[in-house]
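S.K.: Below you'll find upload_0.txt; it's compact mmCIF, C-alpha atoms and all ligand atoms.
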```txt
# COMPACT_ATOMS: atom_id res chain seq x y z
CA MET A 12 121.14 115.26 129.13
CA ARG A 13 119.91 117.40 132.01
CA LEU A 14 117.56 119.22 129.64
CA GLN A 15 116.21 115.98 128.24
CA THR A 16 115.25 114.86 131.75
CA GLU A 17 113.67 118.21 132.49
CA TRP A 18 111.29 117.97 129.52
CA GLN A 19 110.48 114.36 130.21
CA ASP A 20 109.64 115.27 133.81
CA LEU A 21 107.44 118.07 132.58
CA ALA A 22 105.61 115.68 130.24
CA VAL A 23 105.06 113.11 133.03
CA GLY A 24 103.64 115.81 135.31
CA LEU A 25 101.36 117.11 132.57
CA LEU A 26 100.12 113.62 131.75
CA LYS A 27 99.14 112.98 135.37
CA ASP A 28 97.42 116.35 135.66
CA LEU A 29 95.50 115.74 132.43
CA ILE A 30 94.38 112.23 133.42
CA ARG A 31 93.08 113.57 136.75
CA ILE A 32 90.66 115.84 134.89
CA ASP A 33 87.69 113.70 133.91
CA THR A 34 87.06 114.60 130.28
CA SER A 35 84.71 111.69 129.54
CA ASN A 36 82.74 112.60 126.46
CA PRO A 37 79.85 113.15 126.87
CA PRO A 38 79.94 115.72 128.39
CA GLY A 39 83.63 116.40 127.58
CA ASN A 40 84.63 119.12 130.03
CA GLU A 41 87.91 119.77 128.19
CA GLU A 42 88.22 123.38 129.37
CA PRO A 43 90.14 122.66 132.61
CA ALA A 44 92.44 120.32 130.68
CA CYS A 45 93.18 123.12 128.21
CA GLU A 46 93.96 125.37 131.17
CA VAL A 47 96.53 122.90 132.51
CA ALA A 48 98.37 122.95 129.18
CA ALA A 49 97.94 126.71 128.81
CA GLU A 50 99.59 127.35 132.15
CA ALA A 51 102.63 125.24 131.25
CA LEU A 52 102.98 126.90 127.86
CA ALA A 53 102.70 130.42 129.25
CA ALA A 54 105.36 129.59 131.85
CA HIS A 55 107.73 128.78 128.99
CA GLY A 56 107.05 131.86 126.90
CA VAL A 57 104.50 130.33 124.51
CA GLU A 58 101.22 132.25 124.33
CA PRO A 59 98.28 129.84 124.05
CA ARG A 60 94.87 130.73 122.63
CA LEU A 61 91.71 129.14 123.97
CA PHE A 62 88.53 128.80 121.93
CA ARG A 63 85.29 127.90 123.67
CA PRO A 64 82.68 126.63 121.22
CA ALA A 65 80.27 125.63 124.04
CA PRO A 66 80.11 125.85 127.86
CA GLY A 67 82.84 123.68 129.39
CA ARG A 68 84.20 122.77 125.98
CA ALA A 69 87.48 124.26 124.78
CA ASN A 70 90.20 123.95 122.17
CA LEU A 71 93.73 125.24 122.62
CA THR A 72 96.19 126.37 119.99
CA ALA A 73 99.74 127.59 120.44
CA ARG A 74 102.52 128.40 118.01
CA VAL A 75 106.28 128.74 118.13
CA ARG A 76 107.37 130.65 115.07
CA GLY A 77 110.09 129.67 112.62
CA ASP A 78 111.31 131.87 109.78
CA GLY A 79 108.23 130.90 107.79
CA SER A 80 110.13 129.61 104.74
CA LEU A 81 108.50 126.18 105.02
CA PRO A 82 104.89 125.21 105.85
CA PRO A 83 104.05 124.70 109.54
CA LEU A 84 104.03 121.43 111.42
CA LEU A 85 100.90 120.74 113.46
CA LEU A 86 101.05 118.57 116.58
CA ALA A 87 97.53 117.53 117.49
CA ALA A 88 95.87 115.62 120.29
CA HIS A 89 92.30 115.32 121.50
CA LEU A 90 91.68 115.91 125.20
CA ASP A 91 88.35 114.11 125.56
CA VAL A 92 88.22 110.44 126.47
CA VAL A 93 85.65 107.67 126.32
CA PRO A 94 83.83 106.94 129.60
CA ALA A 95 85.29 104.47 132.10
CA GLU A 96 83.45 102.18 134.52
CA PRO A 97 85.55 102.52 137.74
CA ALA A 98 84.38 99.24 139.30
CA ALA A 99 86.21 97.21 136.67
CA TRP A 100 89.56 99.02 137.01
CA THR A 101 92.56 97.97 139.12
CA HIS A 102 93.24 101.67 139.90
CA PRO A 103 90.58 104.39 139.64
CA PRO A 104 90.49 105.59 136.01
CA PHE A 105 90.95 109.28 136.82
CA SER A 106 93.59 108.88 139.55
CA ALA A 107 96.76 108.75 137.40
CA ALA A 108 98.02 106.17 139.90
CA GLU A 109 101.64 105.19 139.54
CA ALA A 110 102.05 101.41 139.88
CA ASP A 111 104.01 98.62 138.22
CA GLY A 112 106.08 101.14 136.29
CA CYS A 113 102.99 102.63 134.67
CA ILE A 114 100.73 105.64 134.94
CA TRP A 115 97.18 104.32 135.01
CA GLY A 116 94.12 106.06 133.77
CA ARG A 117 91.63 106.71 131.03
CA GLY A 118 93.39 108.61 128.27
CA ALA A 119 96.89 107.35 129.14
CA LEU A 120 97.23 106.06 125.56
CA ASP A 121 94.19 107.65 123.89
CA MET A 122 95.56 110.21 123.85
CA LYS A 123 96.51 112.45 126.74
CA HIS A 124 100.03 111.05 126.46
CA MET A 125 100.41 112.88 123.13
CA ALA A 126 98.78 116.02 124.53
CA ALA A 127 101.35 115.96 127.37
CA MET A 128 104.40 115.19 125.24
CA ALA A 129 103.50 117.67 122.51
CA THR A 130 102.88 120.39 125.10
CA ALA A 131 106.28 119.62 126.67
CA VAL A 132 107.92 119.82 123.23
CA LEU A 133 106.33 123.23 122.59
CA CYS A 134 107.51 124.38 126.02
CA ARG A 135 111.03 123.32 125.13
CA LEU A 136 110.90 125.16 121.80
CA GLY A 137 109.51 128.20 123.60
CA ARG A 138 112.31 128.20 126.12
CA GLU A 139 115.21 127.31 123.82
CA ARG A 140 114.08 129.04 120.62
CA PRO A 141 116.13 126.95 118.18
CA ALA A 142 116.47 128.22 114.61
CA MET A 143 113.46 126.85 112.71
CA ARG A 144 112.34 127.12 109.10
CA ARG A 145 108.72 126.45 109.93
CA ASP A 146 106.24 127.24 112.67
CA VAL A 147 105.39 124.46 115.07
CA ILE A 148 101.72 124.53 116.08
CA LEU A 149 100.04 122.72 118.94
CA ALA A 150 96.31 121.96 118.83
CA LEU A 151 94.64 120.32 121.82
CA VAL A 152 91.06 119.68 120.88
CA ALA A 153 87.71 118.68 122.31
CA ASP A 154 85.12 116.22 121.14
CA GLU A 155 87.04 113.69 119.03
CA GLU A 156 85.42 110.65 120.58
CA VAL A 157 81.92 111.56 119.47
CA GLY A 158 82.57 112.98 116.03
CA MET A 159 84.82 116.08 116.27
CA GLU A 160 82.08 118.69 115.88
CA LEU A 161 83.22 121.01 118.72
CA GLY A 162 86.90 120.14 118.33
CA SER A 163 89.02 119.80 115.21
CA ARG A 164 86.05 120.34 112.92
CA TRP A 165 85.14 123.53 114.74
CA LEU A 166 88.72 124.84 114.54
CA VAL A 167 89.00 124.06 110.83
CA ASP A 168 85.64 125.75 110.13
CA HIS A 169 86.09 128.81 112.37
CA GLU A 170 89.82 129.35 112.90
CA PRO A 171 91.53 127.71 109.91
CA ASP A 172 94.59 129.98 110.08
CA GLU A 173 95.31 128.68 113.57
CA VAL A 174 95.77 125.09 112.39
CA ARG A 175 96.74 125.19 108.71
CA ALA A 176 99.87 123.08 108.23
CA GLY A 177 101.92 121.14 105.71
CA VAL A 178 102.16 118.09 107.93
CA ALA A 179 99.83 117.22 110.80
CA LEU A 180 100.95 114.71 113.39
CA GLY A 181 98.33 113.00 115.56
CA GLU A 182 97.03 109.55 116.48
CA ILE A 183 96.96 106.51 116.13
CA GLY A 184 100.41 105.16 115.26
CA GLY A 185 103.74 105.23 117.03
CA ILE A 186 102.94 102.84 119.86
CA SER A 187 105.13 99.77 119.55
CA MET A 188 103.68 96.34 118.92
CA GLY A 189 105.40 93.00 119.21
CA LEU A 190 105.39 90.68 116.22
CA ALA A 191 107.36 87.43 116.35
CA GLY A 192 109.85 88.95 118.75
CA ARG A 193 110.29 92.11 116.66
CA ARG A 194 109.23 95.60 117.66
CA LEU A 195 107.16 97.41 115.06
CA TYR A 196 106.06 101.02 115.23
CA PRO A 197 103.06 101.68 113.00
CA LEU A 198 103.06 105.02 111.23
CA GLN A 199 99.49 105.76 110.33
CA VAL A 200 99.45 107.02 106.76
CA ALA A 201 95.79 106.50 105.98
CA GLU A 202 92.41 106.14 107.62
CA LYS A 203 89.14 104.88 106.31
CA GLY A 204 86.15 106.99 105.45
CA ILE A 205 82.73 106.76 107.06
CA ALA A 206 79.60 105.78 105.17
CA TRP A 207 76.86 105.03 107.70
CA LEU A 208 73.93 103.32 106.04
CA LEU A 209 70.30 102.69 106.84
CA LEU A 210 68.71 99.54 105.46
CA THR A 211 64.91 99.59 105.33
CA ALA A 212 62.63 96.65 104.56
CA HIS A 213 58.91 97.02 103.88
CA GLY A 214 56.20 94.38 103.97
CA ALA A 215 52.53 93.88 104.69
CA ALA A 216 51.47 94.60 108.26
CA GLY A 217 49.43 91.85 109.83
CA HIS A 218 48.47 89.69 112.77
CA GLY A 219 51.28 87.83 114.46
CA SER A 220 49.18 84.65 114.50
CA ILE A 221 49.61 84.33 110.72
CA PRO A 222 53.33 84.40 109.87
CA ASP A 223 54.55 85.92 106.58
CA PRO A 224 57.95 84.83 105.20
CA GLU A 225 58.13 88.12 103.27
CA SER A 226 57.39 90.41 106.22
CA ALA A 227 59.55 93.47 106.76
CA THR A 228 61.15 91.90 109.83
CA VAL A 229 62.05 88.67 108.07
CA ARG A 230 63.41 90.40 104.97
CA LEU A 231 65.51 92.74 107.04
CA ALA A 232 66.82 89.86 109.14
CA ARG A 233 67.84 87.96 105.98
CA ALA A 234 69.66 91.03 104.65
CA VAL A 235 71.44 91.65 107.95
CA ALA A 236 72.52 88.02 108.28
CA ALA A 237 73.88 87.98 104.72
CA LEU A 238 75.75 91.22 105.29
CA GLY A 239 77.23 89.98 108.55
CA GLU A 240 78.43 86.71 107.04
CA THR A 241 79.77 87.80 103.67
CA PRO A 242 83.12 89.55 103.37
CA LEU A 243 83.18 92.53 101.01
CA PRO A 244 85.65 92.33 98.11
CA PRO A 245 89.26 93.35 98.83
CA HIS A 246 90.82 96.55 97.47
CA PRO A 247 94.47 96.52 98.48
CA THR A 248 95.68 100.10 98.95
CA PRO A 249 99.28 101.36 98.88
CA ALA A 250 99.15 101.67 102.69
CA ALA A 251 98.03 98.05 103.12
CA ARG A 252 100.66 96.81 100.66
CA ALA A 253 103.36 98.77 102.46
CA PHE A 254 102.19 97.40 105.81
CA ALA A 255 102.26 93.83 104.50
CA ALA A 256 105.71 94.32 103.01
CA ALA A 257 107.18 95.89 106.14
CA ALA A 258 105.59 93.37 108.49
CA LEU A 259 106.84 90.47 106.40
CA ASP A 260 110.27 92.04 106.16
CA ALA A 261 110.40 92.41 109.93
CA LEU A 262 109.36 88.80 110.37
CA ARG A 263 111.71 87.31 107.83
CA PRO A 264 113.58 89.46 105.33
CA GLY A 265 113.43 86.72 102.67
CA LEU A 266 109.63 86.86 102.72
CA ARG A 267 109.50 90.45 101.57
CA ILE A 268 109.25 89.22 98.02
CA ALA A 269 105.91 87.61 98.88
CA ALA A 270 104.41 90.88 100.05
CA PRO A 271 102.98 92.08 96.72
CA LEU A 272 101.30 88.67 96.35
CA LEU A 273 99.87 88.78 99.83
CA ALA A 274 98.54 92.30 99.44
CA GLY A 275 97.28 91.61 95.91
CA ASP A 276 93.67 90.71 95.19
CA ALA A 277 93.96 86.94 95.46
CA GLY A 278 96.21 87.08 98.52
CA ALA A 279 93.92 89.54 100.20
CA ARG A 280 90.93 87.29 99.58
CA LEU A 281 92.81 84.35 101.03
CA LEU A 282 94.03 86.27 104.07
CA ARG A 283 90.56 87.51 104.83
CA ARG A 284 88.95 84.12 104.52
CA ALA A 285 91.60 82.52 106.72
CA GLY A 286 91.46 85.20 109.37
CA ARG A 287 87.76 85.94 109.79
CA LYS A 288 87.44 84.03 113.05
CA SER A 289 90.38 85.63 114.86
CA ALA A 290 90.52 89.20 116.14
CA ILE A 291 93.79 89.89 114.31
CA GLY A 292 92.45 88.35 111.11
CA ARG A 293 89.41 90.62 111.23
CA ALA A 294 91.66 93.62 111.88
CA VAL A 295 93.78 92.76 108.84
CA GLY A 296 90.59 92.19 106.86
CA ALA A 297 89.40 95.68 107.75
CA MET A 298 92.62 97.10 106.27
CA LEU A 299 91.99 95.33 102.95
CA ALA A 300 88.32 95.96 102.23
CA ASN A 301 85.42 98.29 102.80
CA THR A 302 83.38 97.06 105.74
CA ALA A 303 79.69 97.17 106.68
CA ALA A 304 78.86 96.17 110.25
CA PRO A 305 75.14 95.94 111.16
CA THR A 306 74.67 97.65 114.54
CA CYS A 307 71.18 98.91 115.49
CA LEU A 308 68.01 97.02 114.52
CA ARG A 309 64.49 98.41 114.83
CA ALA A 310 61.12 96.83 114.04
CA GLY A 311 57.74 96.48 115.62
CA SER A 312 56.32 97.46 118.99
CA SER A 313 54.10 94.57 119.94
CA THR A 314 54.69 90.81 119.98
CA ASN A 315 51.44 90.02 118.15
CA VAL A 316 51.71 92.64 115.39
CA ILE A 317 53.78 92.12 112.23
CA PRO A 318 55.21 95.59 111.45
CA ALA A 319 55.18 97.14 107.98
CA GLU A 320 58.73 98.44 108.29
CA ALA A 321 62.03 97.28 109.73
CA THR A 322 65.35 99.13 109.72
CA ALA A 323 68.99 98.37 110.38
CA GLU A 324 71.77 100.88 110.92
CA VAL A 325 75.01 99.78 109.33
CA ASP A 326 78.40 101.20 110.24
CA GLY A 327 80.09 101.37 106.85
CA ARG A 328 83.78 102.23 106.39
CA THR A 329 85.45 102.95 103.09
CA LEU A 330 89.06 102.50 102.03
CA PRO A 331 91.11 105.29 100.46
CA GLY A 332 90.06 105.42 96.80
CA GLN A 333 86.54 104.19 97.57
CA THR A 334 83.32 106.18 97.91
CA ALA A 335 80.06 105.72 99.78
CA GLY A 336 78.52 104.89 96.41
CA ASP A 337 81.05 102.08 95.92
CA LEU A 338 80.15 100.67 99.33
CA VAL A 339 76.41 100.85 98.59
CA ARG A 340 77.00 98.84 95.39
CA GLU A 341 78.93 96.19 97.32
CA VAL A 342 76.27 95.99 100.02
CA ARG A 343 73.52 95.81 97.37
CA ALA A 344 75.24 92.84 95.75
CA ILE A 345 75.01 90.97 99.06
CA VAL A 346 71.57 91.96 100.37
CA GLY A 347 69.73 91.92 97.04
CA ASP A 348 66.84 94.17 96.06
CA GLY A 349 64.55 93.38 98.99
CA VAL A 350 65.71 96.31 101.14
CA GLU A 351 66.31 100.00 100.54
CA ILE A 352 69.80 101.36 101.22
CA ALA A 353 70.33 105.00 102.17
CA VAL A 354 73.55 106.79 103.13
CA ARG A 355 72.89 108.56 106.45
CA GLN A 356 76.28 110.13 107.10
CA GLU A 357 79.57 110.14 105.27
CA ALA A 358 83.11 111.43 105.51
CA PRO A 359 85.80 110.65 102.98
CA PRO A 360 88.86 108.51 103.71
CA VAL A 361 92.19 110.22 104.35
CA SER A 362 95.59 109.23 103.05
CA ALA A 363 99.03 110.80 103.01
CA PRO A 364 102.00 110.04 100.75
CA LEU A 365 104.23 107.12 101.72
CA ASP A 366 107.25 108.70 100.04
CA HIS A 367 107.00 112.03 101.88
CA PRO A 368 110.30 113.31 103.35
CA PHE A 369 108.58 113.43 106.75
CA VAL A 370 108.22 109.63 106.59
CA SER A 371 111.94 109.16 105.85
CA LEU A 372 112.80 111.49 108.71
CA ALA A 373 110.50 109.61 111.11
CA ARG A 374 112.24 106.39 110.09
CA ARG A 375 115.71 107.88 110.75
CA VAL A 376 114.72 109.41 114.09
CA LEU A 377 113.12 106.16 115.25
CA ALA A 378 116.23 104.17 114.26
CA ALA A 379 118.37 106.54 116.31
CA HIS A 380 116.22 105.90 119.40
CA ASP A 381 115.46 102.21 118.93
CA ALA A 382 117.95 100.45 116.68
CA GLU A 383 115.86 97.27 116.68
CA GLY A 384 112.53 98.97 116.12
CA ARG A 385 110.97 99.25 112.70
CA LEU A 386 108.60 101.80 111.29
CA VAL A 387 105.72 100.24 109.36
CA PRO A 388 103.14 102.23 107.40
CA ALA A 389 99.61 101.45 108.51
CA LEU A 390 95.99 102.21 107.74
CA THR A 391 93.52 102.61 110.59
CA PRO A 392 89.93 101.44 110.12
CA GLY A 393 88.71 104.05 112.63
CA PHE A 394 88.56 107.82 112.28
CA THR A 395 90.69 110.50 113.87
CA ASP A 396 91.04 114.29 113.79
CA ALA A 397 93.05 113.77 110.58
CA LYS A 398 89.61 113.95 108.90
CA SER A 399 89.58 117.64 109.81
CA TRP A 400 93.24 118.61 109.37
CA SER A 401 93.33 117.05 105.90
CA ARG A 402 90.57 119.41 104.77
CA LEU A 403 93.11 122.24 105.02
CA GLY A 404 95.59 120.34 102.86
CA ALA A 405 97.82 118.82 105.54
CA ALA A 406 99.52 115.48 104.96
CA CYS A 407 98.31 113.64 108.07
CA TYR A 408 100.40 111.07 109.87
CA GLY A 409 99.62 109.19 113.05
CA PHE A 410 102.69 108.81 115.24
CA THR A 411 102.61 109.29 119.01
CA PRO A 412 105.80 107.43 119.99
CA VAL A 413 105.64 105.09 122.99
CA ARG A 414 107.83 102.07 123.54
CA LEU A 415 105.91 99.26 125.25
CA PRO A 416 107.92 96.59 127.10
CA GLU A 417 107.80 92.99 125.95
CA GLY A 418 104.67 91.20 127.12
CA PHE A 419 102.74 94.43 127.65
CA PRO A 420 99.08 94.20 126.59
CA ALA A 421 98.46 95.39 123.02
CA PHE A 422 97.59 99.03 122.62
CA SER A 423 94.36 98.09 120.88
CA THR A 424 93.10 96.15 123.92
CA LEU A 425 93.81 99.01 126.38
CA ILE A 426 92.27 102.01 124.66
CA HIS A 427 88.53 102.22 125.27
CA GLY A 428 88.99 99.16 127.56
CA VAL A 429 89.69 98.75 131.27
CA ASP A 430 93.07 99.38 132.94
CA GLU A 431 94.35 101.74 130.24
CA ARG A 432 97.89 102.64 131.27
CA ILE A 433 101.22 103.74 129.90
CA PRO A 434 104.68 102.52 130.92
CA ILE A 435 106.58 105.51 132.32
CA GLU A 436 109.91 104.56 130.75
CA GLY A 437 108.33 104.05 127.35
CA PHE A 438 106.53 107.38 127.65
CA ARG A 439 109.71 109.24 128.62
CA TRP A 440 111.43 107.58 125.66
CA GLY A 441 108.62 108.81 123.42
CA VAL A 442 109.07 112.41 124.58
CA GLY A 443 112.68 112.22 123.37
CA VAL A 444 111.63 110.77 120.00
CA LEU A 445 108.93 113.37 119.46
CA ALA A 446 111.24 116.23 120.46
CA ASP A 447 113.90 115.05 117.99
CA LEU A 448 111.40 114.49 115.22
CA VAL A 449 109.81 117.90 115.64
CA GLU A 450 113.07 119.77 115.94
CA SER A 451 114.67 118.01 112.96
CA TRP A 452 111.63 118.58 110.77
CA ALA A 453 111.38 122.22 111.81
CA ALA A 454 115.05 122.81 111.05
CA GLN A 455 115.21 120.72 107.88
CA GLU A 456 116.27 122.24 104.59
CA HIS A 457 114.99 121.30 101.11
CA ALA A 458 111.81 119.77 102.42
CA PRO A 459 108.20 120.56 101.51
ZN ZN B 1 91.90 108.83 120.24
```
Would you mind writing the file out in structure tokens?
Ligand SMILES: [Zn+2]

M.R.:
Amino acid sequence: MRLQTEWQDLAVGLLKDLIRIDTSNPPGNEEPACEVAAEALAAHGVEPRLFRPAPGRANLTARVRGDGSLPPLLLAAHLDVVPAEPAAWTHPPFSAAEADGCIWGRGALDMKHMAAMATAVLCRLGRERPAMRRDVILALVADEEVGMELGSRWLVDHEPDEVRAGVALGEIGGISMGLAGRRLYPLQVAEKGIAWLLLTAHGAAGHGSIPDPESATVRLARAVAALGETPLPPHPTPAARAFAAAALDALRPGLRIAAPLLAGDAGARLLRRAGRKSAIGRAVGAMLANTAAPTCLRAGSSTNVIPAEATAEVDGRTLPGQTAGDLVREVRAIVGDGVEIAVRQEAPPVSAPLDHPFVSLARRVLAAHDAEGRLVPALTPGFTDAKSWSRLGAACYGFTPVRLPEGFPAFSTLIHGVDERIPIEGFRWGVGVLADLVESWAAQEHAP
């Protein structure tokens, strides 16, 4: 018990220190944050390595060795955060203020909490040296918020042996959410791919005094409006089906039988149509279909000149099992032939097995720490460092355990928003869950 408290205290201290280092990206400035973690690790007999891909930017790796008979476990967290506008915050975003039972600050949930708890877990392994069948690796990385180039992607490209693992544990799951009085803990098993598109419309240039219904601007506007208003067809994935089943089961066990219907094609269509106007409905919709959100529009430079070209950037996201080509076909069916569609940037979706022994272990460990909590598989529509770790063959799961008290704002409204904060009790609880999960998995026999 005394030890448990010691490691929780260490994690709380690390979290505050990390929040106080402004790692807003751009510019990032993750190096001093790496140094905070490095110092703690070294003090507990774990030798960290720092990699500096650019001035001020750094990635840290550290490893506690097992007997090597099973593939390593990677614990991963990004150290950069999105910018914060201090004027809007109750407590300054880089102060790590302690108030109302919470630690406040940018990165408290996205995701310096995981950096702190994973570092504390490595420190504990370093000090106690339990018998382990696999190495446990820590990777604290730069640059996740703007595309991973100097962080996880850099490590995978330049130092793959540092981070190669059988299972990689990172964001976004593990933070409890309330649903009809039940406490659900999402376990992220999949994330969507990226397929950023450019739509281009051409037309005759001309004088603004003589309107043309087929001008580039008008054609592009028609395409963008159609794309914004028409849902893409559903493709229920195993992750979405499992989420629907588990959520229904948590709500009312008898309803579980309806889950396959709900996550099937017709059900998915219905759900999406019903939910398009609410935030939660749109979030569920994004789990069930590819999406294409028009974002940046460009045309013309003068009010009285009709331009010959107009373009729209479209943030496209693809489900596991879908390609950028599939998305282009779906977008084409909506916008017609009047605009060109080009893929500007793409990254494939990521998904990990639902029936992996790591998932069963996570379920058992969670049950031991929160008898009323339930683990539910989930798919995130965003991207995470799992995009990189999966390239080295890791099964990537998102689980950074935090127990939020009843009535606490939803995780999704706090990250990237104002007043990001983490309840201290729920964070300390999470350190215990992560420590158990890591130690059990590292010691486990007969597991891949
Ligand atoms: Zn994040």

S.K.: Residues within 10 Å of ligand ZN 1 (chain B) (all atoms listed in the file), as a list in words?

M.R.: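 The distance check yields Ala88, His89, Leu90, Asp91, Val92, Val93, Gly118, Leu120, Asp121, Met122, Lys123, Met125, Glu155, Glu156, Gly181, Glu182, Ile183, Gly393, Phe394, Thr395, Asp396, Ile426 and His427 of chain A.
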
S.K.: Which residue gives the smallest distance to Leu52 of chain A among A:Ser399, A:Ala253, A:Leu209, A:Ala129, with all atoms listed in the file counted?

M.R.: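 Smallest separation from Leu52 of chain A among the options: A:Ala129.
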
S.K.: Here is a test: counting only C-alpha atoms, which residue of A:Leu84, A:Leu390, A:Leu133, A:Val229 is nearest to Ser362 of chain A?

M.R.: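 Closest to Ser362 of chain A of all the choices is A:Leu390.
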
S.K.: Within 12 Å of (113.8, 114.8, 103.5), only C-alpha atoms: residues as a list in words?

M.R.: Asp366, His367, Pro368, Phe369, Val370, Ser371, Leu372, Ala373, Arg374, Arg375, Val376, Leu448, Ser451, Trp452, Ala453, Ala454, Gln455, Glu456, His457, Ala458 and Pro459 of chain A

S.K.: Record the distance separating atom CA of Leu259 of chain A and atom CA of Gly189 of chain A, expressed in Å with one decimal.

M.R.: 13.1 Å

S.K.: Starting from the incomplete input, reconstruct N, CA and C atoms of segment 377-398 of chain A and write that as a PDB file, keeping the file's coordinate frame.

M.R.:
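Generated output (selection-v2.pdb):
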```pdb
ATOM      1  N   LEU A 377     113.467 107.360 114.489  1.00  0.00           N
ATOM      2  CA  LEU A 377     113.120 106.160 115.250  1.00  0.00           C
ATOM      3  C   LEU A 377     114.336 105.242 115.365  1.00  0.00           C
ATOM      4  N   ALA A 378     115.056 105.061 114.255  1.00  0.00           N
ATOM      5  CA  ALA A 378     116.230 104.170 114.260  1.00  0.00           C
ATOM      6  C   ALA A 378     117.277 104.667 115.254  1.00  0.00           C
ATOM      7  N   ALA A 379     117.383 105.991 115.388  1.00  0.00           N
ATOM      8  CA  ALA A 379     118.370 106.540 116.310  1.00  0.00           C
ATOM      9  C   ALA A 379     117.981 106.270 117.766  1.00  0.00           C
ATOM     10  N   HIS A 380     116.679 106.104 118.022  1.00  0.00           N
ATOM     11  CA  HIS A 380     116.220 105.900 119.400  1.00  0.00           C
ATOM     12  C   HIS A 380     115.952 104.436 119.730  1.00  0.00           C
ATOM     13  N   ASP A 381     115.704 103.635 118.720  1.00  0.00           N
ATOM     14  CA  ASP A 381     115.460 102.210 118.930  1.00  0.00           C
ATOM     15  C   ASP A 381     116.004 101.461 117.721  1.00  0.00           C
ATOM     16  N   ALA A 382     117.264 101.039 117.828  1.00  0.00           N
ATOM     17  CA  ALA A 382     117.950 100.450 116.680  1.00  0.00           C
ATOM     18  C   ALA A 382     117.240  99.191 116.192  1.00  0.00           C
ATOM     19  N   GLU A 383     116.527  98.509 117.090  1.00  0.00           N
ATOM     20  CA  GLU A 383     115.860  97.270 116.680  1.00  0.00           C
ATOM     21  C   GLU A 383     114.408  97.494 116.256  1.00  0.00           C
ATOM     22  N   GLY A 384     113.912  98.684 116.480  1.00  0.00           N
ATOM     23  CA  GLY A 384     112.530  98.970 116.120  1.00  0.00           C
ATOM     24  C   GLY A 384     112.399  99.221 114.632  1.00  0.00           C
ATOM     25  N   ARG A 385     111.199  99.035 114.122  1.00  0.00           N
ATOM     26  CA  ARG A 385     110.970  99.250 112.700  1.00  0.00           C
ATOM     27  C   ARG A 385     109.691 100.035 112.496  1.00  0.00           C
ATOM     28  N   LEU A 386     109.774 101.006 111.615  1.00  0.00           N
ATOM     29  CA  LEU A 386     108.600 101.800 111.290  1.00  0.00           C
ATOM     30  C   LEU A 386     107.806 101.088 110.189  1.00  0.00           C
ATOM     31  N   VAL A 387     106.521 100.865 110.416  1.00  0.00           N
ATOM     32  CA  VAL A 387     105.720 100.240 109.360  1.00  0.00           C
ATOM     33  C   VAL A 387     104.497 101.108 109.048  1.00  0.00           C
ATOM     34  N   PRO A 388     104.311 101.434 107.775  1.00  0.00           N
ATOM     35  CA  PRO A 388     103.140 102.230 107.400  1.00  0.00           C
ATOM     36  C   PRO A 388     101.878 101.452 107.727  1.00  0.00           C
ATOM     37  N   ALA A 389     100.837 102.149 108.145  1.00  0.00           N
ATOM     38  CA  ALA A 389      99.610 101.450 108.510  1.00  0.00           C
ATOM     39  C   ALA A 389      98.387 102.281 108.164  1.00  0.00           C
ATOM     40  N   LEU A 390      97.282 101.575 108.042  1.00  0.00           N
ATOM     41  CA  LEU A 390      95.990 102.210 107.740  1.00  0.00           C
ATOM     42  C   LEU A 390      95.075 101.903 108.920  1.00  0.00           C
ATOM     43  N   THR A 391      94.436 102.910 109.482  1.00  0.00           N
ATOM     44  CA  THR A 391      93.520 102.610 110.590  1.00  0.00           C
ATOM     45  C   THR A 391      92.084 102.539 110.068  1.00  0.00           C
ATOM     46  N   PRO A 392      91.331 101.545 110.551  1.00  0.00           N
ATOM     47  CA  PRO A 392      89.930 101.440 110.120  1.00  0.00           C
ATOM     48  C   PRO A 392      89.026 102.449 110.826  1.00  0.00           C
ATOM     49  N   GLY A 393      89.533 103.075 111.904  1.00  0.00           N
ATOM     50  CA  GLY A 393      88.710 104.050 112.630  1.00  0.00           C
ATOM     51  C   GLY A 393      88.858 105.435 112.042  1.00  0.00           C
ATOM     52  N   PHE A 394      88.309 106.445 112.741  1.00  0.00           N
ATOM     53  CA  PHE A 394      88.560 107.820 112.280  1.00  0.00           C
ATOM     54  C   PHE A 394      89.233 108.627 113.370  1.00  0.00           C
ATOM     55  N   THR A 395      89.968 109.639 112.943  1.00  0.00           N
ATOM     56  CA  THR A 395      90.690 110.500 113.870  1.00  0.00           C
ATOM     57  C   THR A 395      90.499 111.958 113.412  1.00  0.00           C
ATOM     58  N   ASP A 396      91.108 112.873 114.166  1.00  0.00           N
ATOM     59  CA  ASP A 396      91.040 114.290 113.790  1.00  0.00           C
ATOM     60  C   ASP A 396      91.716 114.568 112.446  1.00  0.00           C
ATOM     61  N   ALA A 397      92.458 113.589 111.915  1.00  0.00           N
ATOM     62  CA  ALA A 397      93.050 113.770 110.580  1.00  0.00           C
ATOM     63  C   ALA A 397      91.964 114.098 109.550  1.00  0.00           C
ATOM     64  N   LYS A 398      90.727 113.619 109.799  1.00  0.00           N
ATOM     65  CA  LYS A 398      89.610 113.950 108.900  1.00  0.00           C
ATOM     66  C   LYS A 398      89.485 115.464 108.754  1.00  0.00           C
TER      67      LYS A 398
END
```
